[in-house]
file input.cif (mmCIF, C-alpha atoms and all ligand atoms)
data_target
loop_
_atom_site.label_atom_id
_atom_site.label_comp_id
_atom_site.auth_asym_id
_atom_site.auth_seq_id
_atom_site.Cartn_x
_atom_site.Cartn_y
_atom_site.Cartn_z
CA MET A 28 -25.76 10.71 -0.29
CA ILE A 29 -22.61 9.81 -2.19
CA ILE A 30 -21.44 6.20 -1.99
CA SER A 31 -18.19 5.27 -3.66
CA VAL A 32 -17.25 1.69 -4.46
CA ALA A 33 -13.53 0.98 -4.42
CA SER A 34 -11.10 -1.89 -4.05
CA GLY A 35 -7.41 -2.13 -3.26
CA LYS A 36 -6.85 -4.23 -6.36
CA GLY A 37 -8.47 -4.85 -9.72
CA GLY A 38 -10.67 -7.81 -10.55
CA THR A 39 -12.38 -8.15 -7.18
CA GLY A 40 -15.87 -7.47 -8.46
CA LYS A 41 -15.96 -3.75 -7.68
CA THR A 42 -17.92 -2.86 -10.80
CA THR A 43 -20.30 -5.78 -10.19
CA VAL A 44 -21.14 -4.40 -6.74
CA ALA A 45 -21.46 -0.80 -7.96
CA VAL A 46 -23.67 -1.71 -10.92
CA ASN A 47 -25.96 -4.08 -9.02
CA LEU A 48 -26.33 -1.68 -6.14
CA ALA A 49 -27.36 1.02 -8.60
CA LEU A 50 -29.91 -1.30 -10.24
CA SER A 51 -31.41 -2.28 -6.88
CA LEU A 52 -32.12 1.24 -5.59
CA ASN A 53 -34.37 4.09 -6.68
CA ASN A 54 -33.39 7.61 -7.67
CA VAL A 55 -29.80 6.78 -8.54
CA GLN A 56 -27.02 8.58 -10.36
CA PHE A 57 -24.09 6.42 -11.43
CA LEU A 58 -20.60 7.85 -12.05
CA ASP A 59 -17.90 5.62 -13.51
CA CYS A 60 -14.65 7.25 -12.39
CA ASP A 61 -12.44 4.37 -13.52
CA VAL A 62 -11.47 6.54 -16.49
CA GLU A 63 -8.50 4.43 -17.53
CA GLU A 64 -10.73 1.42 -18.05
CA PRO A 65 -14.37 2.35 -17.73
CA ASN A 66 -16.54 -0.76 -18.02
CA ALA A 67 -19.75 -0.09 -16.09
CA HIS A 68 -21.38 0.94 -19.38
CA ILE A 69 -21.01 -2.65 -20.60
CA PHE A 70 -23.47 -3.72 -17.89
CA LEU A 71 -25.68 -0.65 -17.63
CA LYS A 72 -25.85 -0.04 -21.40
CA PRO A 73 -26.66 3.65 -21.07
CA GLN A 74 -27.93 5.88 -23.84
CA ILE A 75 -25.30 8.60 -24.17
CA LYS A 76 -26.86 12.01 -24.77
CA LYS A 77 -23.98 14.39 -24.19
CA GLN A 78 -20.26 14.29 -24.83
CA ASN A 79 -17.80 16.83 -23.48
CA LYS A 80 -14.09 16.92 -24.03
CA ALA A 81 -11.98 16.66 -20.88
CA PHE A 82 -8.99 18.95 -20.50
CA ILE A 83 -5.96 19.55 -18.37
CA PRO A 84 -4.62 23.10 -18.09
CA VAL A 85 -0.97 23.18 -19.16
CA PRO A 86 1.37 26.18 -19.28
CA GLU A 87 2.29 28.10 -22.40
CA ILE A 88 5.20 30.50 -22.21
CA ASP A 89 5.23 33.85 -23.97
CA GLU A 90 8.87 33.99 -25.08
CA SER A 91 8.72 37.76 -25.52
CA LYS A 92 8.03 38.25 -21.80
CA CYS A 93 10.24 35.46 -20.44
CA ASN A 94 13.68 36.36 -19.09
CA TYR A 95 14.73 32.72 -18.55
CA CYS A 96 15.00 33.09 -14.79
CA GLY A 97 14.16 29.40 -14.40
CA LYS A 98 11.68 29.82 -11.51
CA CYS A 99 8.96 27.88 -13.31
CA ALA A 100 11.24 24.89 -13.94
CA LYS A 101 12.33 24.91 -10.28
CA VAL A 102 8.82 25.08 -8.86
CA CYS A 103 7.51 22.21 -10.99
CA VAL A 104 7.83 19.06 -8.89
CA TYR A 105 7.02 16.96 -11.95
CA ASN A 106 9.91 18.43 -13.97
CA ALA A 107 7.58 19.27 -16.81
CA ILE A 108 9.42 22.49 -17.75
CA ALA A 109 13.01 23.00 -18.85
CA VAL A 110 14.48 26.49 -18.99
CA LEU A 111 17.83 26.92 -20.74
CA PRO A 112 19.23 30.39 -20.10
CA GLY A 113 20.99 32.09 -22.98
CA GLN A 114 24.74 31.58 -23.26
CA ASP A 115 27.46 33.47 -25.15
CA GLY A 116 25.04 36.10 -26.37
CA LYS A 117 22.61 33.45 -27.62
CA LYS A 118 18.96 33.69 -26.70
CA GLY A 119 17.65 31.27 -24.10
CA SER A 120 14.87 28.78 -24.63
CA ASN A 121 12.27 26.85 -22.70
CA LEU A 122 10.52 23.56 -23.25
CA ILE A 123 7.24 22.28 -21.88
CA PHE A 124 6.75 18.54 -21.54
CA ALA A 125 2.97 18.56 -21.53
CA HIS A 126 2.70 14.82 -20.86
CA LEU A 127 4.43 15.25 -17.50
CA CYS A 128 2.32 18.26 -16.45
CA HIS A 129 -0.27 17.64 -13.72
CA GLY A 130 -1.97 20.98 -14.32
CA CYS A 131 -1.29 22.23 -10.79
CA GLY A 132 -0.94 25.86 -11.90
CA ALA A 133 2.11 26.56 -9.73
CA CYS A 134 4.32 27.74 -12.60
CA SER A 135 1.90 30.33 -13.97
CA ALA A 136 1.13 31.61 -10.47
CA LEU A 137 4.84 32.04 -9.70
CA CYS A 138 6.30 33.46 -12.89
CA PRO A 139 7.59 36.94 -11.94
CA GLN A 140 7.21 38.15 -15.54
CA GLY A 141 3.61 37.01 -16.00
CA ALA A 142 4.88 35.15 -19.05
CA ILE A 143 2.90 31.95 -18.50
CA LYS A 144 -0.68 31.41 -19.43
CA GLU A 145 -2.63 28.19 -19.15
CA VAL A 146 -4.02 26.50 -22.21
CA ASN A 147 -6.30 23.50 -22.29
CA ARG A 148 -4.90 20.23 -23.53
CA GLU A 149 -7.47 17.59 -24.42
CA ILE A 150 -6.84 14.33 -22.57
CA GLY A 151 -10.17 12.52 -22.62
CA ILE A 152 -13.91 12.69 -22.85
CA VAL A 153 -16.83 12.80 -20.41
CA GLU A 154 -20.10 11.27 -21.56
CA SER A 155 -23.48 11.44 -19.88
CA GLY A 156 -26.88 9.99 -20.46
CA ASN A 157 -29.18 7.53 -18.77
CA CYS A 158 -30.06 3.88 -18.51
CA GLY A 159 -33.71 3.65 -17.62
CA LYS A 160 -34.18 5.79 -14.54
CA ILE A 161 -30.49 5.83 -13.66
CA GLU A 162 -28.54 8.94 -14.57
CA PHE A 163 -25.21 7.84 -16.00
CA VAL A 164 -21.88 9.67 -16.38
CA HIS A 165 -18.48 8.27 -17.23
CA GLY A 166 -15.09 9.54 -18.33
CA LYS A 167 -12.54 8.05 -20.66
CA LEU A 168 -8.89 8.95 -20.66
CA ASN A 169 -7.35 9.05 -24.13
CA ILE A 170 -4.90 6.26 -24.93
CA GLY A 171 -1.35 7.18 -23.99
CA GLU A 172 -2.41 9.79 -21.42
CA ALA A 173 -1.44 9.33 -17.78
CA MET A 174 -3.22 12.09 -15.85
CA SER A 175 -6.61 10.73 -14.90
CA PRO A 176 -7.51 13.03 -11.93
CA PRO A 177 -8.57 15.99 -14.12
CA VAL A 178 -10.97 13.71 -16.05
CA ILE A 179 -12.27 12.24 -12.79
CA ARG A 180 -12.93 15.74 -11.45
CA GLN A 181 -14.81 16.59 -14.63
CA VAL A 182 -16.97 13.47 -14.18
CA LYS A 183 -17.65 14.48 -10.59
CA GLU A 184 -18.76 17.96 -11.59
CA HIS A 185 -21.96 16.20 -12.72
CA ILE A 186 -22.83 15.01 -9.19
CA ASN A 187 -26.55 15.48 -8.56
CA SER A 188 -26.98 15.75 -4.79
CA ASN A 189 -30.74 15.09 -5.01
CA LYS A 190 -29.95 11.52 -5.91
CA THR A 191 -28.20 8.55 -4.39
CA VAL A 192 -24.88 8.91 -6.15
CA ILE A 193 -22.86 5.75 -6.76
CA ILE A 194 -19.25 6.22 -7.78
CA ASP A 195 -17.30 3.36 -9.33
CA ALA A 196 -13.73 4.25 -8.35
CA PRO A 197 -10.61 2.96 -10.10
CA PRO A 198 -8.81 0.03 -8.46
CA GLY A 199 -5.72 0.57 -6.33
CA THR A 200 -4.83 3.19 -3.74
CA SER A 201 -3.13 5.98 -5.75
CA CYS A 202 -4.07 9.56 -6.76
CA PRO A 203 -6.95 8.60 -9.10
CA VAL A 204 -8.60 6.63 -6.29
CA VAL A 205 -8.28 9.53 -3.89
CA ALA A 206 -9.66 11.90 -6.53
CA SER A 207 -12.65 9.57 -7.00
CA VAL A 208 -13.62 8.79 -3.40
CA LYS A 209 -12.90 12.24 -1.93
CA GLY A 210 -16.11 13.89 -0.78
CA SER A 211 -18.02 10.60 -0.51
CA ASP A 212 -20.29 10.06 2.48
CA PHE A 213 -19.46 6.38 2.53
CA CYS A 214 -17.12 4.00 0.76
CA VAL A 215 -17.77 0.35 0.00
CA LEU A 216 -14.54 -1.62 -0.25
CA VAL A 217 -14.83 -4.76 -2.32
CA THR A 218 -12.34 -7.51 -1.60
CA GLU A 219 -11.69 -11.21 -1.97
CA PRO A 220 -10.70 -13.53 0.88
CA THR A 221 -7.21 -14.21 -0.51
CA PRO A 222 -3.81 -13.13 0.85
CA PHE A 223 -3.37 -10.58 -1.97
CA GLY A 224 -6.89 -9.34 -1.51
CA LEU A 225 -6.32 -8.80 2.21
CA ASN A 226 -3.01 -7.07 1.67
CA ASP A 227 -4.61 -4.55 -0.72
CA LEU A 228 -7.67 -4.18 1.51
CA ILE A 229 -5.43 -3.10 4.38
CA LEU A 230 -3.83 -0.44 2.15
CA ALA A 231 -7.24 0.83 1.05
CA VAL A 232 -8.43 0.97 4.67
CA GLU A 233 -5.42 3.16 5.51
CA VAL A 234 -6.23 5.57 2.68
CA LEU A 235 -9.88 5.89 3.75
CA GLY A 236 -8.78 6.43 7.35
CA LYS A 237 -6.63 9.34 6.23
CA LEU A 238 -9.47 10.79 4.17
CA LYS A 239 -11.84 10.27 7.13
CA ILE A 240 -14.45 8.53 4.99
CA PRO A 241 -16.58 5.92 6.77
CA PHE A 242 -16.49 2.56 5.05
CA GLY A 243 -17.56 -1.07 5.10
CA VAL A 244 -16.43 -4.17 3.28
CA VAL A 245 -18.07 -6.46 0.74
CA ILE A 246 -16.42 -9.87 0.51
CA ASN A 247 -16.80 -11.26 -2.98
CA ARG A 248 -16.39 -14.97 -3.71
CA SER A 249 -16.69 -15.26 0.05
CA ASP A 250 -16.71 -19.05 0.02
CA LEU A 251 -13.37 -19.32 -1.78
CA GLY A 252 -10.02 -18.46 -0.19
CA ASN A 253 -9.42 -18.31 3.55
CA ASN A 254 -10.98 -16.72 6.65
CA LYS A 255 -8.16 -14.24 7.34
CA THR A 256 -10.17 -11.39 5.78
CA GLU A 257 -13.11 -12.04 8.11
CA GLY A 258 -10.65 -12.20 11.01
CA TYR A 259 -9.06 -8.90 10.03
CA CYS A 260 -12.45 -7.14 9.78
CA LYS A 261 -13.50 -8.48 13.16
CA GLN A 262 -10.25 -7.46 14.80
CA GLU A 263 -10.36 -3.94 13.31
CA ASN A 264 -14.06 -3.60 13.97
CA ILE A 265 -14.82 -3.13 10.28
CA LEU A 266 -18.40 -3.68 9.20
CA VAL A 267 -18.86 -6.48 6.68
CA LEU A 268 -21.77 -5.22 4.60
CA MET A 269 -22.31 -8.23 2.37
CA ARG A 270 -20.86 -11.57 1.39
CA ILE A 271 -21.26 -12.73 -2.22
CA PRO A 272 -20.62 -16.45 -2.63
CA PHE A 273 -19.06 -17.70 -5.84
CA LYS A 274 -21.71 -18.91 -8.24
CA LYS A 275 -21.02 -20.17 -11.71
CA GLU A 276 -24.25 -18.56 -12.97
CA ILE A 277 -23.14 -15.14 -11.69
CA ALA A 278 -19.77 -15.49 -13.40
CA MET A 279 -21.47 -16.58 -16.63
CA ALA A 280 -23.84 -13.61 -16.58
CA TYR A 281 -20.88 -11.30 -15.89
CA SER A 282 -18.93 -12.61 -18.86
CA LYS A 283 -21.94 -11.83 -21.06
CA GLY A 284 -22.20 -8.29 -19.71
CA GLU A 285 -25.40 -9.06 -17.77
CA PRO A 286 -25.74 -7.62 -14.27
CA MET A 287 -26.59 -10.33 -11.71
CA VAL A 288 -29.75 -8.65 -10.44
CA LYS A 289 -31.15 -8.65 -13.98
CA VAL A 290 -30.58 -12.39 -14.34
CA PHE A 291 -31.34 -13.28 -10.72
CA PRO A 292 -33.74 -10.63 -9.36
CA GLU A 293 -33.71 -12.41 -5.99
CA TYR A 294 -30.32 -10.80 -5.29
CA LYS A 295 -31.90 -7.36 -5.38
CA LYS A 296 -33.00 -7.58 -1.77
CA ASP A 297 -29.42 -8.34 -0.72
CA PHE A 298 -28.23 -5.11 -2.31
CA VAL A 299 -31.11 -3.23 -0.68
CA THR A 300 -29.97 -4.69 2.65
CA LEU A 301 -26.44 -3.55 1.86
CA TYR A 302 -27.75 -0.03 1.31
CA LYS A 303 -29.79 -0.13 4.53
CA ARG A 304 -26.67 -1.15 6.46
CA ILE A 305 -24.85 1.86 5.05
CA ILE A 306 -27.67 4.18 6.12
CA GLU A 307 -27.67 2.64 9.61
CA LYS A 308 -23.93 2.98 9.91
CA LYS A 309 -24.20 6.64 8.88
CA ARG A 310 -26.74 7.35 11.61
CA MET B 28 37.08 21.73 -25.12
CA LYS B 29 34.86 20.72 -22.20
CA ILE B 30 32.59 17.69 -22.51
CA CYS B 31 30.33 15.83 -20.08
CA VAL B 32 30.62 12.06 -19.57
CA THR B 33 28.10 10.16 -17.43
CA SER B 34 29.90 8.07 -14.85
CA GLU B 35 29.35 5.51 -12.11
CA GLY B 36 32.01 7.11 -9.93
CA SER B 37 33.68 10.45 -9.37
CA SER B 38 37.01 9.91 -11.16
CA LEU B 39 38.31 9.45 -14.70
CA ASP B 40 38.98 5.78 -13.91
CA SER B 41 35.34 5.15 -13.01
CA ASN B 42 33.14 3.33 -15.45
CA VAL B 43 30.83 5.17 -17.81
CA ASP B 44 27.25 5.05 -16.51
CA PRO B 45 25.12 3.96 -19.48
CA ARG B 46 22.14 6.01 -18.25
CA PHE B 47 21.96 9.75 -18.71
CA GLY B 48 19.13 11.13 -16.54
CA ARG B 49 19.80 8.86 -13.59
CA CYS B 50 23.56 8.37 -13.84
CA GLN B 51 25.55 8.51 -10.60
CA TYR B 52 27.95 11.32 -11.61
CA PHE B 53 28.47 13.82 -14.38
CA ILE B 54 32.14 14.27 -15.15
CA ILE B 55 32.86 17.56 -16.87
CA VAL B 56 36.25 17.07 -18.45
CA ASP B 57 38.56 19.21 -20.56
CA THR B 58 39.54 17.00 -23.49
CA ASP B 59 42.95 18.69 -23.87
CA THR B 60 44.20 18.89 -20.29
CA LEU B 61 42.02 16.10 -18.75
CA GLU B 62 41.22 18.48 -15.91
CA PHE B 63 37.83 17.53 -14.61
CA GLU B 64 35.03 18.31 -12.22
CA SER B 65 32.66 15.59 -10.94
CA ILE B 66 29.10 16.42 -10.00
CA GLY B 67 26.96 13.98 -8.05
CA ASN B 68 23.60 13.65 -9.82
CA PRO B 69 20.82 15.06 -7.62
CA ASN B 70 18.11 13.61 -9.90
CA ILE B 71 18.62 9.88 -9.31
CA GLU B 72 15.61 9.57 -7.03
CA SER B 73 13.42 11.98 -8.97
CA MET B 74 9.85 10.74 -9.52
CA GLY B 75 9.86 11.66 -13.18
CA GLY B 76 11.58 13.97 -15.59
CA ALA B 77 15.08 13.06 -14.35
CA GLY B 78 16.43 13.39 -17.88
CA ILE B 79 15.03 16.91 -18.21
CA GLN B 80 16.56 18.00 -14.90
CA SER B 81 19.90 16.38 -15.70
CA ALA B 82 19.98 18.02 -19.12
CA GLN B 83 19.41 21.45 -17.58
CA LEU B 84 22.14 20.77 -15.03
CA VAL B 85 24.78 19.87 -17.60
CA ALA B 86 23.68 22.73 -19.88
CA SER B 87 24.41 25.14 -17.03
CA LYS B 88 28.03 23.89 -17.11
CA LYS B 89 28.51 25.42 -20.55
CA ILE B 90 29.51 22.19 -22.25
CA LYS B 91 28.79 21.45 -25.89
CA VAL B 92 29.00 17.65 -25.88
CA VAL B 93 27.52 14.81 -23.80
CA VAL B 94 28.98 11.29 -23.99
CA THR B 95 26.86 8.54 -22.47
CA GLY B 96 25.44 5.04 -23.03
CA ASN B 97 21.87 5.79 -23.98
CA ILE B 98 19.64 8.83 -24.08
CA GLY B 99 15.88 9.11 -23.59
CA PRO B 100 13.50 11.37 -25.52
CA ASN B 101 12.96 14.13 -22.93
CA ALA B 102 16.65 14.51 -22.12
CA PHE B 103 17.53 14.46 -25.79
CA GLN B 104 15.05 17.18 -26.62
CA THR B 105 16.31 19.37 -23.77
CA LEU B 106 19.98 18.90 -24.71
CA GLN B 107 19.17 19.67 -28.32
CA ALA B 108 17.45 22.90 -27.31
CA ALA B 109 20.59 23.80 -25.37
CA GLY B 110 22.66 23.21 -28.51
CA ILE B 111 24.49 20.25 -26.97
CA GLU B 112 25.56 17.34 -29.17
CA VAL B 113 24.92 13.84 -27.83
CA PHE B 114 27.19 10.84 -28.41
CA THR B 115 25.96 7.43 -27.22
CA GLY B 116 27.24 3.87 -26.99
CA ALA B 117 30.07 4.70 -24.58
CA SER B 118 31.37 2.04 -22.17
CA GLY B 119 34.59 1.29 -20.29
CA THR B 120 36.20 3.99 -18.16
CA VAL B 121 35.55 7.70 -18.47
CA LYS B 122 39.13 8.22 -19.62
CA GLU B 123 38.72 5.66 -22.40
CA ALA B 124 35.48 7.33 -23.45
CA VAL B 125 37.21 10.71 -23.65
CA ASN B 126 39.97 9.23 -25.83
CA LYS B 127 37.49 7.53 -28.10
CA TYR B 128 35.56 10.76 -28.41
CA LYS B 129 38.75 12.60 -29.36
CA LYS B 130 39.50 10.01 -32.04
CA GLY B 131 36.00 10.50 -33.42
CA GLU B 132 34.92 6.94 -32.66
CA PHE B 133 31.43 7.84 -31.46
CA LYS B 134 28.65 8.99 -33.70
CA ALA B 135 26.52 11.96 -32.77
CA VAL B 136 22.89 10.82 -32.47
CA SER B 137 19.98 12.66 -33.94
CA ASN B 138 17.32 10.66 -32.08
CA PRO B 139 16.85 9.31 -28.57
CA THR B 140 18.26 5.78 -28.22
CA VAL B 141 15.89 4.51 -25.51
CA GLY B 142 12.34 5.14 -24.38
CA SER B 143 11.21 7.35 -21.55
CA LYS B 144 11.98 6.19 -17.97
CA SER B 145 14.57 3.62 -19.10
CA GLY B 146 16.98 4.57 -16.35
CA ILE B 147 14.61 3.60 -13.57
CA LEU B 148 15.90 0.55 -11.75
CA GLY B 149 13.87 -2.53 -12.35
CA LYS B 150 12.90 -1.42 -15.84
CA ASN B 151 14.66 -2.90 -18.84
CA LYS B 152 17.11 -4.54 -16.51
S1 LIG C 401 9.35 31.87 -14.45
FE1 LIG C 401 8.53 33.07 -16.13
S2 LIG C 401 10.20 34.44 -16.70
FE2 LIG C 401 11.10 32.83 -15.44
S3 LIG C 401 11.79 31.30 -16.93
FE3 LIG C 401 9.73 30.71 -16.33
S4 LIG C 401 8.39 31.67 -17.85
FE4 LIG C 401 10.39 32.67 -18.02
S1 LIG C 402 1.11 23.42 -14.09
FE1 LIG C 402 2.20 22.46 -12.36
S2 LIG C 402 2.75 20.45 -13.18
FE2 LIG C 402 2.24 21.71 -14.95
S3 LIG C 402 4.18 22.56 -15.62
FE3 LIG C 402 3.26 24.06 -14.22
S4 LIG C 402 4.15 23.59 -12.22
FE4 LIG C 402 4.51 21.80 -13.54
#
call {"tool": "encode", "arguments": {"input": "input.cif", "output": "structure tokens"}}
result
Amino acid sequence: MIISVASGKGGTGKTTVAVNLALSLNNVQFLDCDVEEPNAHIFLKPQIKKQNKAFIPVPEIDESKCNYCGKCAKVCVYNAIAVLPGQDGKKGSNLIFAHLCHGCGACSALCPQGAIKEVNREIGIVESGNCGKIEFVHGKLNIGEAMSPPVIRQVKEHINSNKTVIIDAPPGTSCPVVASVKGSDFCVLVTEPTPFGLNDLILAVEVLGKLKIPFGVVINRSDLGNNKTEGYCKQENILVLMRIPFKKEIAMAYSKGEPMVKVFPEYKKDFVTLYKRIIEKKR
Amino acid sequence: MKICVTSEGSSLDSNVDPRFGRCQYFIIVDTDTLEFESIGNPNIESMGGAGIQSAQLVASKKIKVVVTGNIGPNAFQTLQAAGIEVFTGASGTVKEAVNKYKKGEFKAVSNPTVGSKSGILGKNK
């Protein structure tokens, strides 16, 4: 069973829910797919045993085969290739803007001269290890890089289907989120009962609807803000899996990098209930 | 000699568009006869790499000089590879820019003058 934890916006407590859920269950594998800002390791404090470089395949053009037809530049929707045909008897040239390349492979597949081969460009790192009984994997995108989906996919290659897999997805609703939650059996959406929170929750619900992933909502700081989020869930028939009230002690533990179930073990049963609700919903 | 001036409109009396990759029009003008061709820029709405696309477009017009307000790194690199000289800091009408260019009042740049994505509305504005 793969459960991803996502949220339409950052700072809602997504990592808190993912980490505490992982610590409350048995036989868990935890994947931090928020590769632009991985922070689950701060709470889980894993022992890293393996490090692998993460790559994106980018094109390399063999100038001796290229006839500067320009097909590769045309097919690239990200405009990562420029082809300048020769003029006045001068040889042409081509440029590859590797930072814009999404590694889709279209250019090399389409080059009529077979002049393009793919070479790996390092854009991050994937680390794996364990924290107690929890198997842990996370990815980190190098500073200045923009293409997180290839790193996310490399993190997800570690998925161990014999375990309850918990994926901490990046915040938002763009490509990296889709890359993270795709293939999940269930998605937990963490939100706050504020107007912004609701707005972003609605966007996230739309994305999950398109991906056909069943989901439920966790309302964090449920006693602050307004009741519009509850109203929305009721109206749309969305299951509210858990409500976490604001507690100063929880916030304090968080700021020290302590998971709440470690400091307050009594919350464990609430996360177990959350898990049971997911299982029921899946039935 | 034919040069390219980035423009907000399609005539020589239009104002110079300070952006290169996402300018409204490219005016390809003969500096001797002032005969010109205006090309609407198809890359204004492009998600990324507008400068690269625009540079390839003007290179295909067999010009050797671009006159504009500012130039970003990707466009600059592409124009350089095409052997096109870049002059920045232009303002006023296209006609005025052509005259200034003829008098040698612009300096050719050897580096981009703005960062990537500067021509996107809402950024640096
Ligand atoms: S498609 Fe192939 S042959 Fe054509 S310009 Fe690109 S690399 Fe050269
Ligand atoms: S692999 Fe895809 S994104 Fe990268 S240069 Fe080729 S066509 Fe463009």
call {"tool": "interface_residues", "arguments": {"input": "input.cif", "of": "chain B", "to": "chain A", "cutoff": "10 Å", "atoms": "all atoms listed in the file", "output": "ChimeraX atom specification"}}
result
/B:73-80,82-84,86-87,89,101-102,104-106,108-110
call {"tool": "residues_around", "arguments": {"input": "input.cif", "residues": "Ala231 of chain A", "least_positions_apart": "6", "cutoff": "7 Å", "atoms": "all atoms listed in the file", "output": "ChimeraX atom specification"}}
result
/A:34-35,200
call {"tool": "residues_near_ligand", "arguments": {"input": "input.cif", "ligand": "ligand LIG 402 (chain C)", "cutoff": "6 Å", "atoms": "all atoms listed in the file", "output": "PDB file with C-alpha atoms, in the coordinates of the input"}}
result
ATOM      1  CA  VAL A  85      -0.970  23.180 -19.160  1.00  0.00           C
ATOM      2  CA  PRO A  86       1.370  26.180 -19.280  1.00  0.00           C
ATOM      3  CA  VAL A 102       8.820  25.080  -8.860  1.00  0.00           C
ATOM      4  CA  CYS A 103       7.510  22.210 -10.990  1.00  0.00           C
ATOM      5  CA  TYR A 105       7.020  16.960 -11.950  1.00  0.00           C
ATOM      6  CA  ALA A 107       7.580  19.270 -16.810  1.00  0.00           C
ATOM      7  CA  ILE A 108       9.420  22.490 -17.750  1.00  0.00           C
ATOM      8  CA  CYS A 128       2.320  18.260 -16.450  1.00  0.00           C
ATOM      9  CA  HIS A 129      -0.270  17.640 -13.720  1.00  0.00           C
ATOM     10  CA  GLY A 130      -1.970  20.980 -14.320  1.00  0.00           C
ATOM     11  CA  CYS A 131      -1.290  22.230 -10.790  1.00  0.00           C
ATOM     12  CA  GLY A 132      -0.940  25.860 -11.900  1.00  0.00           C
ATOM     13  CA  ALA A 133       2.110  26.560  -9.730  1.00  0.00           C
ATOM     14  CA  CYS A 134       4.320  27.740 -12.600  1.00  0.00           C
TER      15      CYS A 134
END
call {"tool": "residues_near_ligand", "arguments": {"input": "input.cif", "ligand": "ligand LIG 401 (chain C)", "cutoff": "7 Å", "atoms": "only C-alpha atoms and all ligand atoms", "output": "PDB file with C-alpha atoms, keeping the file's coordinate frame"}}
result
ATOM      1  CA  ILE A  88       5.200  30.500 -22.210  1.00  0.00           C
ATOM      2  CA  LYS A  92       8.030  38.250 -21.800  1.00  0.00           C
ATOM      3  CA  CYS A  93      10.240  35.460 -20.440  1.00  0.00           C
ATOM      4  CA  ASN A  94      13.680  36.360 -19.090  1.00  0.00           C
ATOM      5  CA  TYR A  95      14.730  32.720 -18.550  1.00  0.00           C
ATOM      6  CA  CYS A  96      15.000  33.090 -14.790  1.00  0.00           C
ATOM      7  CA  GLY A  97      14.160  29.400 -14.400  1.00  0.00           C
ATOM      8  CA  LYS A  98      11.680  29.820 -11.510  1.00  0.00           C
ATOM      9  CA  CYS A  99       8.960  27.880 -13.310  1.00  0.00           C
ATOM     10  CA  ALA A 100      11.240  24.890 -13.940  1.00  0.00           C
ATOM     11  CA  VAL A 110      14.480  26.490 -18.990  1.00  0.00           C
ATOM     12  CA  CYS A 134       4.320  27.740 -12.600  1.00  0.00           C
ATOM     13  CA  LEU A 137       4.840  32.040  -9.700  1.00  0.00           C
ATOM     14  CA  CYS A 138       6.300  33.460 -12.890  1.00  0.00           C
ATOM     15  CA  PRO A 139       7.590  36.940 -11.940  1.00  0.00           C
ATOM     16  CA  GLN A 140       7.210  38.150 -15.540  1.00  0.00           C
ATOM     17  CA  GLY A 141       3.610  37.010 -16.000  1.00  0.00           C
ATOM     18  CA  ALA A 142       4.880  35.150 -19.050  1.00  0.00           C
ATOM     19  CA  ILE A 143       2.900  31.950 -18.500  1.00  0.00           C
TER      20      ILE A 143
END
call {"tool": "residues_around", "arguments": {"input": "input.cif", "residues": "segment 42-45 of chain A", "least_positions_apart": "6", "cutoff": "7 Å", "atoms": "only C-alpha atoms", "output": "JSON, numbers by chain"}}
result
{"A": [32, 67, 193, 195]}
call {"tool": "residues_around", "arguments": {"input": "input.cif", "residues": "segment 226-228 of chain A", "least_positions_apart": "6", "cutoff": "9 Å", "atoms": "only C-alpha atoms", "output": "MDAnalysis selection string"}}
result
chainID A and resid 34:36 199:200 216:219 244 256
call {"tool": "residues_near_point", "arguments": {"input": "input.cif", "point": "(-19.0, 12.2, -11.5)", "cutoff": "10 Å", "atoms": "only C-alpha atoms", "output": "NGL selection string"}}
result
:A and (56-60 or 153 or 155 or 163-166 or 178-187 or 192-195 or 207)
call {"tool": "axis_aligned_box", "arguments": {"input": "input.cif", "around": "segment 140-154 of chain A", "padding_each_side": "5 Å", "output": "JSON"}}
result
{"center_x": -6.4, "center_y": 24.7, "center_z": -20.0, "size_x": 37.3, "size_y": 36.9, "size_z": 18.9}
call {"tool": "atom_distance", "arguments": {"input": "input.cif", "atom1": "atom CA of Ser175 of chain A", "atom2": "atom CA of Ala125 of chain A"}}
result
14.0 Å
call {"tool": "closest_residue", "arguments": {"input": "input.cif", "among": "A:Leu268, A:Val299, A:Ala49, A:Cys202", "to": "Val215 of chain A", "atoms": "only C-alpha atoms"}}
result
A:Leu268
call {"tool": "residues_around", "arguments": {"input": "input.cif", "residues": "Gly156 of chain A", "least_positions_apart": "5", "cutoff": "9 Å", "atoms": "all atoms listed in the file", "output": "MDAnalysis selection string"}}
result
chainID A and resid 73:77 161:164
call {"tool": "atom_distance", "arguments": {"input": "input.cif", "atom1": "atom CA of Lys167 of chain A", "atom2": "atom CA of Pro65 of chain A"}}
result
6.7 Å
